[in-house]
file protein19.cif (mmCIF, C-alpha atoms and all ligand atoms; chains and numbers go by the auth columns)
data_entry
loop_
_atom_site.group_PDB
_atom_site.id
_atom_site.type_symbol
_atom_site.label_atom_id
_atom_site.label_comp_id
_atom_site.label_asym_id
_atom_site.label_seq_id
_atom_site.Cartn_x
_atom_site.Cartn_y
_atom_site.Cartn_z
_atom_site.B_iso_or_equiv
_atom_site.auth_seq_id
_atom_site.auth_asym_id
ATOM 1 C CA MET A 1 -5.162 -26.893 20.302 0.00 1 A
ATOM 2 C CA ILE A 2 -4.833 -24.090 17.746 0.00 2 A
ATOM 3 C CA ASN A 3 -7.286 -21.963 19.741 0.00 3 A
ATOM 4 C CA GLY A 4 -5.174 -22.344 22.856 0.00 4 A
ATOM 5 C CA LEU A 5 -2.113 -20.944 21.148 0.00 5 A
ATOM 6 C CA GLY A 6 -1.045 -17.865 23.080 0.00 6 A
ATOM 7 C CA THR A 7 2.331 -17.406 21.524 0.00 7 A
ATOM 8 C CA LYS A 8 4.323 -14.267 22.059 0.00 8 A
ATOM 9 C CA THR A 9 6.473 -13.233 19.165 0.00 9 A
ATOM 10 C CA SER A 10 8.457 -10.194 18.175 0.00 10 A
ATOM 11 C CA CYS A 11 7.431 -7.951 15.326 0.00 11 A
ATOM 12 C CA PRO A 12 9.993 -8.144 12.490 0.00 12 A
ATOM 13 C CA VAL A 13 9.288 -4.496 11.647 0.00 13 A
ATOM 14 C CA CYS A 14 9.472 -2.685 15.015 0.00 14 A
ATOM 15 C CA LYS A 15 11.043 -5.552 17.041 0.00 15 A
ATOM 16 C CA LYS A 16 8.559 -5.124 19.923 0.00 16 A
ATOM 17 C CA GLN A 17 6.844 -8.069 21.616 0.00 17 A
ATOM 18 C CA ARG A 18 3.305 -8.905 20.556 0.00 18 A
ATOM 19 C CA ASN A 19 0.851 -11.769 20.943 0.00 19 A
ATOM 20 C CA LEU A 20 0.011 -13.995 18.010 0.00 20 A
ATOM 21 C CA GLN A 21 -3.743 -13.421 17.731 0.00 21 A
ATOM 22 C CA MET A 22 -5.891 -16.348 16.666 0.00 22 A
ATOM 23 C CA ASP A 23 -9.281 -14.698 16.246 0.00 23 A
ATOM 24 C CA ARG A 24 -9.048 -13.605 12.596 0.00 24 A
ATOM 25 C CA VAL A 25 -8.813 -16.827 10.608 0.00 25 A
ATOM 26 C CA VAL A 26 -8.968 -16.100 6.872 0.00 26 A
ATOM 27 C CA SER A 27 -8.451 -19.652 5.595 0.00 27 A
ATOM 28 C CA ASP A 28 -8.451 -23.132 7.107 0.00 28 A
ATOM 29 C CA ARG A 29 -7.911 -25.552 4.260 0.00 29 A
ATOM 30 C CA GLY A 30 -5.549 -28.480 3.888 0.00 30 A
ATOM 31 C CA GLY A 31 -4.754 -28.794 7.579 0.00 31 A
ATOM 32 C CA ALA A 32 -3.285 -25.290 7.760 0.00 32 A
ATOM 33 C CA PHE A 33 -4.794 -22.127 9.189 0.00 33 A
ATOM 34 C CA VAL A 34 -4.017 -18.673 7.867 0.00 34 A
ATOM 35 C CA VAL A 35 -4.618 -16.029 10.508 0.00 35 A
ATOM 36 C CA TYR A 36 -4.542 -12.257 10.056 0.00 36 A
ATOM 37 C CA ASN A 37 -2.499 -10.376 12.639 0.00 37 A
ATOM 38 C CA ARG A 38 -1.645 -6.743 13.155 0.00 38 A
ATOM 39 C CA CYS A 39 1.159 -5.450 15.364 0.00 39 A
ATOM 40 C CA PRO A 40 -0.370 -3.214 18.070 0.00 40 A
ATOM 41 C CA HIS A 41 2.770 -1.055 18.143 0.00 41 A
ATOM 42 C CA CYS A 42 3.531 -0.216 14.485 0.00 42 A
ATOM 43 C CA GLN A 43 0.277 -1.479 12.847 0.00 43 A
ATOM 44 C CA SER A 44 2.153 -3.740 10.389 0.00 44 A
ATOM 45 C CA ALA A 45 -0.070 -6.564 9.144 0.00 45 A
ATOM 46 C CA PHE A 46 0.893 -10.227 8.867 0.00 46 A
ATOM 47 C CA LEU A 47 -0.597 -13.439 7.525 0.00 47 A
ATOM 48 C CA ALA A 48 0.404 -16.279 9.826 0.00 48 A
ATOM 49 C CA THR A 49 0.225 -19.755 8.312 0.00 49 A
ATOM 50 C CA ILE A 50 -0.077 -22.299 11.102 0.00 50 A
ATOM 51 C CA SER A 51 0.231 -26.005 10.491 0.00 51 A
ATOM 52 C CA GLU A 52 0.987 -29.041 12.591 0.00 52 A
ATOM 53 C CA SER A 53 2.997 -32.108 11.733 0.00 53 A
ATOM 54 C CA ARG A 54 3.849 -35.140 13.814 0.00 54 A
ATOM 55 C CA GLU A 55 7.541 -34.787 13.047 0.00 55 A
ATOM 56 C CA ARG A 56 8.030 -31.068 13.658 0.00 56 A
ATOM 57 C CA GLY A 57 5.114 -30.088 15.892 0.00 57 A
ATOM 58 C CA LEU A 58 3.475 -26.721 15.372 0.00 58 A
ATOM 59 C CA LEU A 59 4.907 -24.651 12.525 0.00 59 A
ATOM 60 C CA VAL A 60 4.118 -20.915 12.218 0.00 60 A
ATOM 61 C CA VAL A 61 5.274 -18.900 9.217 0.00 61 A
ATOM 62 C CA GLU A 62 4.369 -15.219 9.063 0.00 62 A
ATOM 63 C CA THR A 63 4.356 -13.070 5.953 0.00 63 A
ATOM 64 C CA LEU A 64 4.211 -9.277 5.979 0.00 64 A
ATOM 65 C CA THR A 65 1.234 -8.014 3.977 0.00 65 A
ATOM 66 C CA ASP A 66 -0.366 -4.727 2.981 0.00 66 A
ATOM 67 C CA LEU A 67 -3.803 -6.353 2.766 0.00 67 A
ATOM 68 C CA SER A 68 -6.541 -5.355 5.177 0.00 68 A
ATOM 69 C CA TYR A 69 -8.344 -8.108 7.054 0.00 69 A
ATOM 70 C CA GLN A 70 -11.328 -7.825 4.695 0.00 70 A
ATOM 71 C CA GLU A 71 -9.085 -8.000 1.608 0.00 71 A
ATOM 72 C CA ALA A 72 -7.224 -11.041 2.966 0.00 72 A
ATOM 73 C CA LEU A 73 -10.530 -12.709 3.725 0.00 73 A
ATOM 74 C CA ALA A 74 -11.773 -11.985 0.187 0.00 74 A
ATOM 75 C CA VAL A 75 -8.604 -13.313 -1.473 0.00 75 A
ATOM 76 C CA LEU A 76 -7.731 -16.295 0.728 0.00 76 A
ATOM 77 C CA GLY A 77 -11.236 -17.275 1.714 0.00 77 A
ATOM 78 C CA LYS A 78 -12.103 -18.215 -1.861 0.00 78 A
ATOM 79 C CA ARG A 79 -12.413 -21.827 -2.797 0.00 79 A
ATOM 80 C CA PRO A 80 -9.670 -23.307 -4.975 0.00 80 A
ATOM 81 C CA LEU A 81 -10.358 -23.773 -8.679 0.00 81 A
ATOM 82 C CA VAL A 82 -11.921 -27.111 -9.533 0.00 82 A
ATOM 83 C CA ALA A 83 -12.189 -28.888 -12.884 0.00 83 A
ATOM 84 C CA ASP A 84 -15.636 -27.460 -13.660 0.00 84 A
ATOM 85 C CA ALA A 85 -14.413 -23.901 -13.124 0.00 85 A
ATOM 86 C CA LEU A 86 -11.377 -24.499 -15.342 0.00 86 A
ATOM 87 C CA LEU A 87 -13.614 -25.934 -18.074 0.00 87 A
ATOM 88 C CA GLU A 88 -15.884 -22.903 -17.828 0.00 88 A
ATOM 89 C CA ILE A 89 -12.891 -20.555 -18.176 0.00 89 A
ATOM 90 C CA TYR A 90 -11.632 -22.519 -21.185 0.00 90 A
ATOM 91 C CA GLU A 91 -15.023 -22.410 -22.856 0.00 91 A
ATOM 92 C CA THR A 92 -15.352 -18.671 -22.215 0.00 92 A
ATOM 93 C CA LEU A 93 -11.900 -17.919 -23.639 0.00 93 A
ATOM 94 C CA TYR A 94 -11.793 -20.235 -26.653 0.00 94 A
ATOM 95 C CA LYS A 95 -15.373 -20.700 -27.776 0.00 95 A
ATOM 96 C CA SER A 96 -16.395 -17.089 -28.069 0.00 96 A
HETATM 97 ZN ZN ZN B . 5.512 -3.811 14.998 0.00 1 B
#
call {"tool": "encode", "arguments": {"input": "protein19.cif", "output": "structure tokens", "more": "lines below"}}
Ligand SMILES: [Zn+2]
result
Amino acid sequence: MINGLGTKTSCPVCKKQRNLQMDRVVSDRGGAFVVYNRCPHCQSAFLATISESRERGLLVVETLTDLSYQEALAVLGKRPLVADALLEIYETLYKS
């Protein structure tokens, strides 16, 4: 269903109509997708968080960003910290 989303939206920067593009997913964890979008008119970049709930249907929240697609992918595509990683950080900081 997410792939079939062809939503038109207006750019909050230049106010022109644009399509919400779904082909640059940078994260898809926890039932929410984060998709990178760029306005074709003013080139402003957005991270669209798309989630679905039974009560409210499809929810799209866009955030203006100055990240490139590659930077967003590098930052948001990382796995969350797990207990082993936290222990390793602790040991590095306090046992050296
Ligand atoms: Zn724009």
call {"tool": "residues_near_ligand", "arguments": {"input": "protein19.cif", "ligand": "ligand ZN 1 (chain B)", "cutoff": "6 Å", "atoms": "only C-alpha atoms and all ligand atoms", "output": "PyMOL selection string"}}
result
chain A and resi 11+13-14+16+39+41-42+44
call {"tool": "residues_around", "arguments": {"input": "protein19.cif", "residues": "Val60 of chain A", "least_positions_apart": "4", "cutoff": "7 Å", "atoms": "all atoms listed in the file", "output": "JSON, numbers by chain"}}
result
{"A": [48, 49, 50, 51]}
call {"tool": "write_last_selection", "arguments": {"input": "protein19.cif", "atoms": "C-alpha atoms", "output": "compact mmCIF listing (two decimals), keeping the file's coordinate frame"}}
result
# COMPACT_ATOMS: atom_id res chain seq x y z
CA ALA A 48 0.40 -16.28 9.83
CA THR A 49 0.22 -19.76 8.31
CA ILE A 50 -0.08 -22.30 11.10
CA SER A 51 0.23 -26.00 10.49
call {"tool": "residues_around", "arguments": {"input": "protein19.cif", "residues": "Gln70 of chain A", "least_positions_apart": "4", "cutoff": "12 Å", "atoms": "only C-alpha atoms", "output": "list in words"}}
result
Arg24, Val25, Val26, Tyr36, Asp66, Ala74, Val75, Leu76 and Gly77 of chain A
call {"tool": "write_last_selection", "arguments": {"input": "protein19.cif", "atoms": "C-alpha atoms", "output": "short mmCIF file (atom, residue, chain, number, x, y, z; two decimals), keeping the file's coordinate frame"}}
result
data_model
loop_
_atom_site.label_atom_id
_atom_site.label_comp_id
_atom_site.auth_asym_id
_atom_site.auth_seq_id
_atom_site.Cartn_x
_atom_site.Cartn_y
_atom_site.Cartn_z
CA ARG A 24 -9.05 -13.60 12.60
CA VAL A 25 -8.81 -16.83 10.61
CA VAL A 26 -8.97 -16.10 6.87
CA TYR A 36 -4.54 -12.26 10.06
CA ASP A 66 -0.37 -4.73 2.98
CA ALA A 74 -11.77 -11.98 0.19
CA VAL A 75 -8.60 -13.31 -1.47
CA LEU A 76 -7.73 -16.30 0.73
CA GLY A 77 -11.24 -17.27 1.71
#
call {"tool": "residues_around", "arguments": {"input": "protein19.cif", "residues": "Glu52 of chain A", "least_positions_apart": "5", "cutoff": "9 Å", "atoms": "only C-alpha atoms", "output": "list in words"}}
result
Gly31, Ala32, Gly57, Leu58, Leu59 and Val60 of chain A
call {"tool": "closest_residue", "arguments": {"input": "protein19.cif", "among": "A:Pro40, A:Val35, A:Ala83, A:Thr63", "to": "Asn19 of chain A", "atoms": "all atoms listed in the file"}}
result
A:Pro40
call {"tool": "atom_distance", "arguments": {"input": "protein19.cif", "atom1": "atom CA of Leu20 of chain A", "atom2": "atom CA of Ala72 of chain A"}}
result
17.0 Å
call {"tool": "atom_distance", "arguments": {"input": "protein19.cif", "atom1": "atom CA of Glu62 of chain A", "atom2": "atom CA of Leu47 of chain A"}}
result
5.5 Å
call {"tool": "atom_distance", "arguments": {"input": "protein19.cif", "atom1": "atom CA of Asp84 of chain A", "atom2": "atom CA of Leu67 of chain A"}}
result
29.2 Å
call {"tool": "closest_residue", "arguments": {"input": "protein19.cif", "among": "A:Lys15, A:Leu73, A:Ser10, A:Glu55", "to": "Val34 of chain A", "atoms": "all atoms listed in the file"}}
result
A:Leu73
